[in-house]
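Raw run-v6.cif, mmCIF, C-alpha atoms:
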```cif
data_target
loop_
_atom_site.label_atom_id
_atom_site.label_comp_id
_atom_site.auth_asym_id
_atom_site.auth_seq_id
_atom_site.Cartn_x
_atom_site.Cartn_y
_atom_site.Cartn_z
CA MET E 217 -21.92 18.35 -18.68
CA ILE E 218 -21.94 14.84 -17.27
CA THR E 219 -21.74 14.07 -13.56
CA VAL E 220 -18.69 12.88 -11.67
CA ASP E 221 -20.43 9.56 -11.03
CA GLU E 222 -21.20 9.07 -14.72
CA HIS E 223 -17.60 9.68 -15.75
CA ARG E 224 -16.24 7.41 -13.03
CA ALA E 225 -18.72 4.65 -13.91
CA ARG E 226 -17.58 4.73 -17.55
CA ILE E 227 -13.96 4.39 -16.44
CA LEU E 228 -14.57 1.53 -14.02
CA GLU E 229 -16.71 -0.35 -16.54
CA ALA E 230 -13.64 -0.54 -18.79
CA THR E 231 -11.33 -1.58 -15.94
CA SER E 232 -10.66 -5.05 -14.53
CA ALA E 233 -7.83 -6.78 -12.70
CA LEU E 234 -4.68 -7.47 -14.69
CA PRO E 235 -3.25 -11.01 -15.09
CA ALA E 236 -1.40 -12.60 -12.22
CA GLU E 237 2.20 -13.81 -12.30
CA ARG E 238 4.28 -15.97 -10.00
CA LEU E 239 6.90 -13.87 -8.24
CA PRO E 240 9.52 -14.27 -5.53
CA LEU E 241 8.41 -12.84 -2.20
CA ALA E 242 10.90 -9.98 -2.48
CA ALA E 243 9.14 -8.76 -5.64
CA ALA E 244 5.57 -9.07 -4.34
CA LEU E 245 5.42 -6.27 -1.77
CA GLY E 246 2.32 -4.15 -2.30
CA LEU E 247 0.71 -6.53 -4.81
CA VAL E 248 -2.55 -8.42 -4.33
CA LEU E 249 -2.44 -12.17 -3.75
CA ASP E 250 -4.31 -14.14 -6.43
CA GLU E 251 -4.52 -17.54 -4.74
CA ASN E 252 -5.00 -18.97 -1.28
CA VAL E 253 -1.69 -19.84 0.38
CA THR E 254 -1.73 -22.79 2.76
CA SER E 255 0.90 -23.97 5.18
CA ARG E 256 3.14 -26.76 3.88
CA TRP E 257 4.10 -27.64 7.45
CA PRO E 258 2.67 -27.13 10.92
CA VAL E 259 3.70 -23.80 12.45
CA PRO E 260 5.76 -24.16 14.60
CA LEU E 261 7.38 -27.16 12.94
CA PHE E 262 8.31 -28.74 16.27
CA ASP E 263 7.91 -28.20 19.99
CA ASN E 264 10.34 -25.40 20.83
CA SER E 265 11.36 -23.20 23.69
CA ALA E 266 9.79 -19.78 24.14
CA MET E 267 12.54 -18.69 26.55
CA ASP E 268 16.27 -18.93 27.15
CA GLY E 269 16.55 -21.28 30.09
CA TYR E 270 16.65 -24.97 30.97
CA ALA E 271 14.66 -27.89 29.62
CA VAL E 272 13.60 -29.99 32.60
CA ARG E 273 11.57 -32.95 33.69
CA ARG E 274 8.90 -31.17 35.68
CA ALA E 275 8.76 -33.90 38.32
CA ASP E 276 12.39 -33.09 39.20
CA ALA E 277 12.15 -29.28 38.98
CA THR E 278 10.62 -28.47 42.33
CA ALA E 279 11.49 -25.21 44.06
CA GLY E 280 14.96 -25.55 45.58
CA ALA E 281 15.87 -28.60 43.47
CA VAL E 282 19.46 -28.82 42.24
CA LEU E 283 19.66 -30.17 38.68
CA ARG E 284 22.75 -31.34 36.82
CA ILE E 285 23.24 -29.83 33.34
CA VAL E 286 24.04 -32.57 30.84
CA ALA E 287 23.47 -30.92 27.46
CA ASP E 288 23.34 -27.62 25.59
CA VAL E 289 20.63 -27.16 22.92
CA ALA E 290 20.94 -24.18 20.57
CA ALA E 291 18.38 -22.88 18.09
CA GLY E 292 18.75 -24.90 14.89
CA SER E 293 20.17 -27.91 16.70
CA SER E 294 19.08 -31.37 15.56
CA GLU E 295 20.17 -33.01 18.80
CA ASP E 296 17.69 -34.68 21.15
CA PRO E 297 19.64 -35.24 24.37
CA SER E 298 18.24 -37.72 26.89
CA LEU E 299 17.50 -36.47 30.39
CA GLY E 300 17.57 -38.74 33.42
CA ALA E 301 16.36 -38.12 36.94
CA GLY E 302 17.75 -34.85 38.36
CA GLU E 303 19.11 -33.73 34.94
CA ALA E 304 18.39 -30.74 32.69
CA ALA E 305 19.63 -29.21 29.43
CA ARG E 306 20.43 -25.57 28.81
CA ILE E 307 18.25 -24.40 25.93
CA MET E 308 17.95 -21.29 23.76
CA THR E 309 14.77 -19.60 22.49
CA GLY E 310 13.46 -21.42 19.40
CA ALA E 311 15.47 -24.59 20.04
CA PRO E 312 13.69 -27.98 19.87
CA ILE E 313 12.51 -29.37 23.18
CA PRO E 314 14.28 -32.62 24.21
CA SER E 315 11.85 -35.51 24.11
CA ASP E 316 12.39 -36.23 27.80
CA ALA E 317 11.58 -32.65 28.88
CA ASP E 318 8.09 -31.35 29.64
CA ALA E 319 8.76 -27.79 30.81
CA ILE E 320 11.23 -24.90 30.57
CA VAL E 321 12.67 -23.09 33.57
CA PRO E 322 13.71 -19.58 32.40
CA LEU E 323 17.18 -18.30 33.28
CA GLU E 324 15.78 -15.76 35.71
CA GLN E 325 14.05 -18.50 37.71
CA THR E 326 17.37 -20.13 38.62
CA ASP E 327 20.11 -19.20 41.08
CA LEU E 328 22.42 -18.17 38.20
CA GLY E 329 20.02 -15.60 36.78
CA THR E 330 20.52 -14.08 33.34
CA ALA E 331 24.28 -13.60 33.45
CA ILE E 332 25.76 -14.62 30.08
CA GLN E 333 27.82 -17.81 30.21
CA GLU E 334 29.64 -19.12 27.14
CA THR E 335 29.50 -22.69 28.40
CA PRO E 336 26.66 -24.32 30.30
CA PRO E 337 27.02 -24.52 34.10
CA ASP E 338 27.54 -27.80 35.88
CA GLN E 339 24.33 -27.38 37.84
CA ILE E 340 21.48 -24.99 38.62
CA THR E 341 19.12 -24.48 41.53
CA VAL E 342 15.46 -24.05 40.55
CA LEU E 343 13.91 -21.04 42.34
CA THR E 344 10.34 -21.43 41.05
CA ALA E 345 8.77 -24.72 40.00
CA PRO E 346 7.45 -24.60 36.40
CA THR E 347 3.81 -25.10 35.51
CA PRO E 348 2.85 -27.91 33.09
CA ALA E 349 4.39 -27.31 29.63
CA ALA E 350 5.75 -23.98 30.85
CA HIS E 351 7.30 -21.88 28.04
CA ILE E 352 6.93 -24.60 25.43
CA ARG E 353 5.55 -23.65 22.03
CA PRO E 354 3.87 -26.85 20.82
CA ARG E 355 4.11 -28.11 17.24
CA GLY E 356 1.27 -26.67 15.13
CA GLU E 357 0.16 -24.21 17.83
CA ASP E 358 -0.07 -21.36 15.29
CA SER E 359 -1.53 -23.46 12.46
CA PRO E 360 -1.56 -27.11 11.35
CA ALA E 361 -0.21 -28.30 8.02
CA GLY E 362 -2.65 -27.40 5.23
CA ALA E 363 -4.18 -24.47 7.11
CA LEU E 364 -4.89 -21.22 5.28
CA ALA E 365 -1.97 -18.87 5.82
CA VAL E 366 -3.02 -15.90 3.64
CA ALA E 367 -6.24 -15.64 1.60
CA ALA E 368 -6.53 -14.68 -2.06
CA GLY E 369 -7.33 -11.00 -2.48
CA THR E 370 -5.07 -9.93 0.38
CA PRO E 371 -2.72 -7.00 -0.28
CA LEU E 372 0.79 -8.21 0.46
CA GLY E 373 2.54 -6.22 3.14
CA ALA E 374 5.54 -7.16 5.24
CA TRP E 375 3.47 -9.20 7.70
CA GLN E 376 1.66 -11.16 5.01
CA LEU E 377 4.90 -11.96 3.19
CA SER E 378 6.40 -13.16 6.47
CA SER E 379 3.41 -15.45 7.04
CA ILE E 380 3.79 -16.90 3.54
CA ALA E 381 7.48 -17.56 4.14
CA SER E 382 6.67 -19.21 7.47
CA ALA E 383 4.16 -21.40 5.65
CA GLY E 384 6.99 -22.74 3.49
CA HIS E 385 6.71 -20.74 0.25
CA ASP E 386 9.24 -18.46 -1.47
CA HIS E 387 7.02 -17.47 -4.45
CA VAL E 388 3.44 -16.25 -4.71
CA LEU E 389 0.88 -15.80 -7.47
CA ALA E 390 0.06 -12.09 -7.40
CA ILE E 391 -1.72 -9.67 -9.71
CA ARG E 392 0.94 -7.63 -11.40
CA ALA E 393 1.23 -3.90 -10.94
CA PRO E 394 -0.28 -1.69 -13.66
CA ARG E 395 2.40 -0.32 -16.00
CA VAL E 396 1.82 3.39 -16.39
CA ALA E 397 3.15 5.87 -18.95
CA VAL E 398 2.99 9.58 -18.13
CA ILE E 399 2.93 12.25 -20.84
CA SER E 400 2.90 15.96 -20.05
CA THR E 401 1.96 18.17 -22.99
CA GLY E 402 2.66 21.83 -23.60
CA SER E 403 5.17 23.93 -25.50
CA GLU E 404 5.45 26.16 -22.43
CA LEU E 405 6.95 23.40 -20.25
CA ILE E 406 10.62 23.33 -19.27
CA SER E 407 12.67 21.29 -16.81
CA PRO E 408 12.03 22.26 -13.18
CA ALA E 409 15.71 23.18 -12.85
CA GLY E 410 15.67 25.39 -15.96
CA THR E 411 15.30 29.16 -16.11
CA PRO E 412 11.94 30.04 -17.64
CA LYS E 413 11.70 32.62 -20.37
CA ARG E 414 8.57 34.67 -20.95
CA GLY E 415 5.60 32.32 -21.27
CA GLN E 416 7.44 29.25 -19.92
CA ILE E 417 6.77 27.36 -16.69
CA PRO E 418 8.45 24.46 -14.84
CA GLU E 419 6.93 21.09 -15.71
CA SER E 420 5.50 19.55 -12.52
CA ASN E 421 2.54 17.43 -13.59
CA SER E 422 4.65 14.40 -14.49
CA VAL E 423 6.21 14.53 -11.01
CA LEU E 424 2.77 14.68 -9.40
CA ILE E 425 1.23 11.95 -11.54
CA SER E 426 4.20 9.59 -11.35
CA ALA E 427 4.43 9.85 -7.57
CA ALA E 428 0.66 9.48 -7.12
CA ALA E 429 0.56 6.47 -9.43
CA ARG E 430 3.42 4.78 -7.58
CA SER E 431 1.62 5.43 -4.30
CA ALA E 432 -1.43 3.72 -5.79
CA GLY E 433 0.67 0.63 -6.56
CA ALA E 434 1.55 1.26 -10.21
CA GLU E 435 4.89 0.83 -11.98
CA ILE E 436 6.01 3.84 -13.98
CA VAL E 437 7.50 2.73 -17.32
CA THR E 438 7.69 5.99 -19.29
CA VAL E 439 7.73 9.69 -18.43
CA VAL E 440 7.95 12.18 -21.31
CA THR E 441 7.14 15.81 -22.07
CA VAL E 442 5.75 16.61 -25.52
CA ALA E 443 5.29 20.03 -27.12
CA ASP E 444 2.00 21.08 -28.68
CA ASP E 445 2.80 19.12 -31.83
CA PRO E 446 0.27 16.47 -32.97
CA ALA E 447 2.88 14.48 -34.88
CA ALA E 448 5.19 14.35 -31.85
CA LEU E 449 2.36 13.22 -29.59
CA ARG E 450 1.31 10.49 -32.04
CA ARG E 451 4.89 9.20 -32.15
CA ALA E 452 5.09 9.19 -28.35
CA LEU E 453 1.84 7.25 -28.06
CA ASP E 454 2.82 4.72 -30.73
CA GLU E 455 6.05 3.93 -28.88
CA LEU E 456 4.38 3.13 -25.56
CA GLU E 457 4.20 -0.31 -23.98
CA ALA E 458 1.97 0.14 -20.97
CA ASP E 459 -1.40 -0.73 -19.47
CA VAL E 460 -2.30 2.90 -18.82
CA VAL E 461 -1.26 6.23 -20.27
CA ILE E 462 -1.99 9.39 -18.28
CA LEU E 463 -1.76 12.63 -20.23
CA SER E 464 -1.97 16.09 -18.75
CA GLY E 465 -2.79 19.29 -20.61
CA GLY E 466 -4.38 19.84 -24.01
CA ALA E 467 -7.72 18.26 -23.08
CA SER E 468 -9.97 21.33 -23.19
CA VAL E 469 -11.35 23.45 -26.03
CA GLY E 470 -8.39 25.70 -26.83
CA ALA E 471 -6.95 26.14 -30.31
CA PHE E 472 -3.75 24.31 -29.34
CA ASP E 473 -5.23 21.46 -27.28
CA VAL E 474 -3.05 18.78 -28.84
CA VAL E 475 -4.32 15.82 -26.76
CA LYS E 476 -7.89 16.36 -27.86
CA ALA E 477 -6.76 16.88 -31.45
CA VAL E 478 -4.85 13.58 -31.53
CA LEU E 479 -6.99 11.30 -29.36
CA GLY E 480 -10.46 12.65 -30.03
CA GLY E 481 -12.51 10.16 -32.00
CA GLU E 482 -9.90 8.30 -34.03
CA ARG E 483 -8.39 6.48 -31.06
CA GLY E 484 -11.58 5.74 -29.16
CA VAL E 485 -11.18 8.41 -26.48
CA ARG E 486 -14.22 10.47 -25.51
CA PHE E 487 -13.85 13.97 -24.12
CA ASP E 488 -16.46 15.33 -21.72
CA ALA E 489 -17.18 18.33 -19.56
CA VAL E 490 -17.52 16.83 -16.08
CA ALA E 491 -19.49 18.75 -13.45
CA MET E 492 -16.62 19.22 -11.01
CA GLN E 493 -14.34 22.08 -10.05
CA PRO E 494 -11.45 21.94 -10.62
CA GLY E 495 -11.15 19.31 -13.37
CA LYS E 496 -14.04 20.04 -15.71
CA PRO E 497 -12.36 18.94 -19.00
CA GLN E 498 -11.78 15.17 -18.95
CA GLY E 499 -11.01 12.52 -21.53
CA PHE E 500 -11.02 8.75 -21.22
CA GLY E 501 -11.02 5.77 -23.51
CA VAL E 502 -9.45 2.48 -24.51
CA LEU E 503 -6.89 2.68 -27.33
CA ASP E 504 -6.61 0.08 -30.07
CA SER E 505 -3.70 -1.48 -28.14
CA GLY E 506 -5.97 -2.06 -25.14
CA MET E 507 -4.20 0.65 -23.16
CA LEU E 508 -6.42 2.84 -20.98
CA ALA E 509 -5.97 6.53 -21.76
CA PHE E 510 -6.71 9.23 -19.18
CA CYS E 511 -6.63 12.79 -20.52
CA LEU E 512 -6.46 15.22 -17.62
CA PRO E 513 -6.46 19.02 -17.53
CA GLY E 514 -3.16 20.86 -17.33
CA ASN E 515 -3.34 22.88 -14.14
CA PRO E 516 -1.76 21.05 -11.18
CA VAL E 517 -4.70 21.22 -8.75
CA SER E 518 -6.97 19.95 -11.55
CA VAL E 519 -4.51 17.12 -12.16
CA ALA E 520 -4.44 16.20 -8.45
CA ALA E 521 -8.23 16.28 -8.12
CA SER E 522 -8.74 14.35 -11.37
CA PHE E 523 -6.22 11.70 -10.36
CA GLU E 524 -7.89 11.08 -7.00
CA MET E 525 -11.44 11.08 -8.37
CA PHE E 526 -10.87 9.01 -11.52
CA VAL E 527 -7.39 7.59 -12.09
CA ARG E 528 -6.51 6.18 -8.67
CA PRO E 529 -9.68 4.03 -8.38
CA ALA E 530 -8.95 2.56 -11.82
CA LEU E 531 -5.32 1.79 -10.96
CA ARG E 532 -6.41 0.11 -7.74
CA ARG E 533 -8.92 -2.05 -9.62
CA LEU E 534 -6.31 -2.99 -12.24
CA ALA E 535 -4.03 -4.08 -9.40
CA GLY E 536 -6.74 -6.37 -8.00
CA HIS E 537 -7.73 -4.39 -4.92
CA THR E 538 -11.31 -4.71 -3.71
CA THR E 539 -11.10 -1.41 -1.84
CA ILE E 540 -10.46 1.15 -4.56
CA GLU E 541 -11.72 4.37 -2.99
CA ARG E 542 -10.00 6.58 -0.44
CA ALA E 543 -11.48 6.62 3.04
CA GLN E 544 -14.04 9.38 3.58
CA VAL E 545 -14.96 10.98 6.89
CA ILE E 546 -17.27 13.76 8.05
CA ARG E 547 -15.72 16.89 9.55
CA THR E 548 -17.18 20.22 10.64
CA ALA E 549 -16.35 23.27 8.53
CA ALA E 550 -14.05 25.53 10.55
CA VAL E 551 -14.84 28.46 8.24
CA GLY E 552 -17.30 29.20 5.48
CA TRP E 553 -16.50 29.25 1.74
CA ARG E 554 -18.18 29.61 -1.63
CA CYS E 555 -18.78 26.69 -4.01
CA PRO E 556 -19.16 26.67 -7.81
CA PRO E 557 -22.85 26.41 -8.75
CA GLY E 558 -23.86 23.16 -10.40
CA ARG E 559 -20.50 21.42 -9.98
CA VAL E 560 -18.98 19.13 -7.35
CA GLN E 561 -16.24 21.04 -5.59
CA VAL E 562 -13.05 19.06 -4.91
CA LEU E 563 -11.23 21.40 -2.56
CA PRO E 564 -7.69 20.88 -1.21
CA ALA E 565 -8.22 20.98 2.54
CA VAL E 566 -6.59 20.63 5.93
CA ILE E 567 -8.27 18.48 8.57
CA ASP E 568 -7.80 17.67 12.22
CA GLY E 569 -9.77 15.45 14.55
CA GLU E 570 -12.87 17.63 14.40
CA THR E 571 -12.75 20.23 11.62
CA VAL E 572 -11.91 20.90 7.98
CA ARG E 573 -10.80 24.13 6.33
CA PRO E 574 -9.57 25.07 2.83
CA ALA E 575 -5.83 24.72 2.35
CA THR E 576 -5.84 28.28 1.01
CA ASN E 577 -8.21 31.18 1.48
CA ARG E 578 -8.28 31.72 -2.28
CA GLY E 579 -10.74 28.94 -3.09
CA SER E 580 -10.36 25.88 -5.29
CA GLY E 581 -8.80 27.47 -8.37
CA SER E 582 -7.03 24.96 -10.57
CA HIS E 583 -3.82 27.05 -10.60
CA LEU E 584 -3.34 27.28 -6.83
CA VAL E 585 -0.61 24.65 -6.73
CA THR E 586 0.89 25.75 -3.40
CA SER E 587 -2.31 24.58 -1.68
CA LEU E 588 -1.36 20.99 -2.51
CA ALA E 589 1.78 21.15 -0.37
CA ILE E 590 -0.19 21.65 2.85
CA ALA E 591 -3.38 19.76 1.99
CA SER E 592 -4.08 16.49 3.76
CA ALA E 593 -7.48 15.89 2.20
CA PHE E 594 -10.02 16.93 -0.39
CA ALA E 595 -13.31 18.38 0.81
CA ILE E 596 -16.02 16.99 -1.50
CA ILE E 597 -18.95 19.40 -1.78
CA PRO E 598 -22.07 18.30 -3.70
CA ALA E 599 -23.06 20.18 -6.85
CA GLU E 600 -26.26 21.54 -5.30
CA VAL E 601 -24.42 23.31 -2.46
CA GLU E 602 -23.61 26.94 -3.28
CA ARG E 603 -21.94 27.81 0.00
CA VAL E 604 -20.50 25.95 2.97
CA GLU E 605 -21.20 27.71 6.25
CA GLU E 606 -19.05 27.48 9.36
CA GLY E 607 -20.28 24.49 11.38
CA ASP E 608 -21.70 22.59 8.39
CA PRO E 609 -20.87 18.86 8.11
CA VAL E 610 -18.50 18.25 5.20
CA THR E 611 -17.52 15.00 3.47
CA VAL E 612 -13.75 14.71 3.35
CA MET E 613 -11.57 12.37 1.26
CA VAL E 614 -8.53 11.57 3.41
CA LEU E 615 -5.30 11.45 1.39
CA SER E 616 -2.90 9.92 3.92
#
```
Let me see whether you can do it: turn the structure in this file into structure tokens.
Amino acid sequence: MITVDEHRARILEATSALPAERLPLAAALGLVLDENVTSRWPVPLFDNSAMDGYAVRRADATAGAVLRIVADVAAGSSEDPSLGAGEAARIMTGAPIPSDADAIVPLEQTDLGTAIQETPPDQITVLTAPTPAAHIRPRGEDSPAGALAVAAGTPLGAWQLSSIASAGHDHVLAIRAPRVAVISTGSELISPAGTPKRGQIPESNSVLISAAARSAGAEIVTVVTVADDPAALRRALDELEADVVILSGGASVGAFDVVKAVLGGERGVRFDAVAMQPGKPQGFGVLDSGMLAFCLPGNPVSVAASFEMFVRPALRRLAGHTTIERAQVIRTAAVGWRCPPGRVQVLPAVIDGETVRPATNRGSGSHLVTSLAIASAFAIIPAEVERVEEGDPVTVMVLS
């Protein structure tokens, strides 16, 4: 057997960020920025009001002063009304400050209060004198023109995309999402909605892998189920246009292990026994097309553990992320459990603020698929540990 770290190192050595492409902001959510984005303009672009109220000359706006309203300035207005002695302009939040004004008196600091008026009043009485530059957002307060808005390497979420738009850009150069093909193998597999006959089971691995890959930032381009037929699997592989193919089932040492029969040797994929439980049989390699091929076991818990330990880090690296591993924390074992000797145990688990416990009391068997529905983490137990005792510190991979 090889170690988990050895198998993962071989995978990551063959994995690097995909090319970048220029995309509209609406298509870049979740991708990684591949260039620094700087502001084309100062932000804000002009002095503007932070409040609904009245633009005033502060020298006139003493407490108790009555000011005549001579203009109405809405957000988006290009007007710059002049203000003389004893005059003010009604102004909306975000509207440009008149050149003659040097402060804003909010609605609630006048005798008229916040009652909605369709037309500006003839006059107002100032209740509280404004401080210098009160409620004025000055030009460039957030950032000057040419300032860095979002740095290369940043994952693009809603806030980052908003900052880029505010900086005056509607496209970004971002590393494209990995295109992933998913192939489930097995003559026993039927549609989840079908009625299984003797020896048949609902096919669920493609659902698991596709959803997990999308959550990791990948684009799913193909999902197929192939019987244990080498010719059919070869045809399916030859038709793929993807960066990654993830196969489940047929990767062990059985007489009908079609994935190993087709991909072993001739297509550059190496199959290994990895010292982990579940997920011992693993295959990985780079096909002649350049596509990365992950060959995972067939049982669902093995698929889930294998994806998190090996596939997800590779997908994250392909997508340009610098943080490719799940967060890990230490929790105290709430109960004791046995571990497989000589293998890293990757155990579906439930955690809270202090403790961790197995998601099922039946261990980490690769067939215990119902444990995945309630698991929020994997407990990662080193190969040299034969038993976890209640109260022991446990390393936990957090899945949320």
Nearest-residue call for Ala397 (chain E), choices E:Ala331, E:Leu249, E:Val460, E:Ala368, using all atoms listed in the file =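 Nearest to Ala397 (chain E): E:Val460.
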What's the 9 Å shell around Ala350 (chain E), counting all atoms listed in the file, without same-chain residues fewer than 3 positions away, as a ChimeraX atom specification?
-> /E:266,318-321,346-347,353
Cut-off 8 Å around (17.3, -17.1, 21.0) with only C-alpha atoms: residues as a list of chain:residue names =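 Those within range, by chain then number, are E:Met267, E:Asp268, E:Ala290, E:Ala291, E:Met308, E:Thr309, E:Gly310, E:Ala311.
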Enclose region 517-532 of chain E, meaning all of its atoms listed in the file, in a box aligned along x, y and z, pad it by 8 Å on each side, and list the centre and edge lengths in Å to one decimal, as AutoDock Vina command-line options.
```
--center_x -7.9 --center_y 10.7 --center_z -9.6 --size_x 23.0 --size_y 37.1 --size_z 21.2
```
Smallest atom-to-atom distance to Val478 (chain E): which of E:Thr401, E:Thr326, E:Ser382, E:Asn421, using only C-alpha atoms?
->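 Ranked by minimum distance to Val478 (chain E), first place goes to E:Thr401.
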Expand the PyMOL selection byres ((chain E and resi 508-517) around 6) into the individual residues it matches in the shown file, reporting them as a ChimeraX atom specification.
-> /E:460-465,467,498-502,507,518-520,582-583,585
Would you kindly translate the PyMOL selection byres ((chain E and resi 373) around 9) into the concrete residues it picks from this file, as a ChimeraX atom specification?
-> /E:244-247,370-372,374-378
Separation of CA of Ser359 (chain E) from CA of Leu389 (chain E) in Å = 21.5 Å
Counting all atoms listed in the file, what is within 12 Å of Pro556 (chain E), bar same-chain residues fewer than 2 positions away, as an MDAnalysis selection string?
-> chainID E and resid 491:494 496 553:554 558:563 579:581 596:604
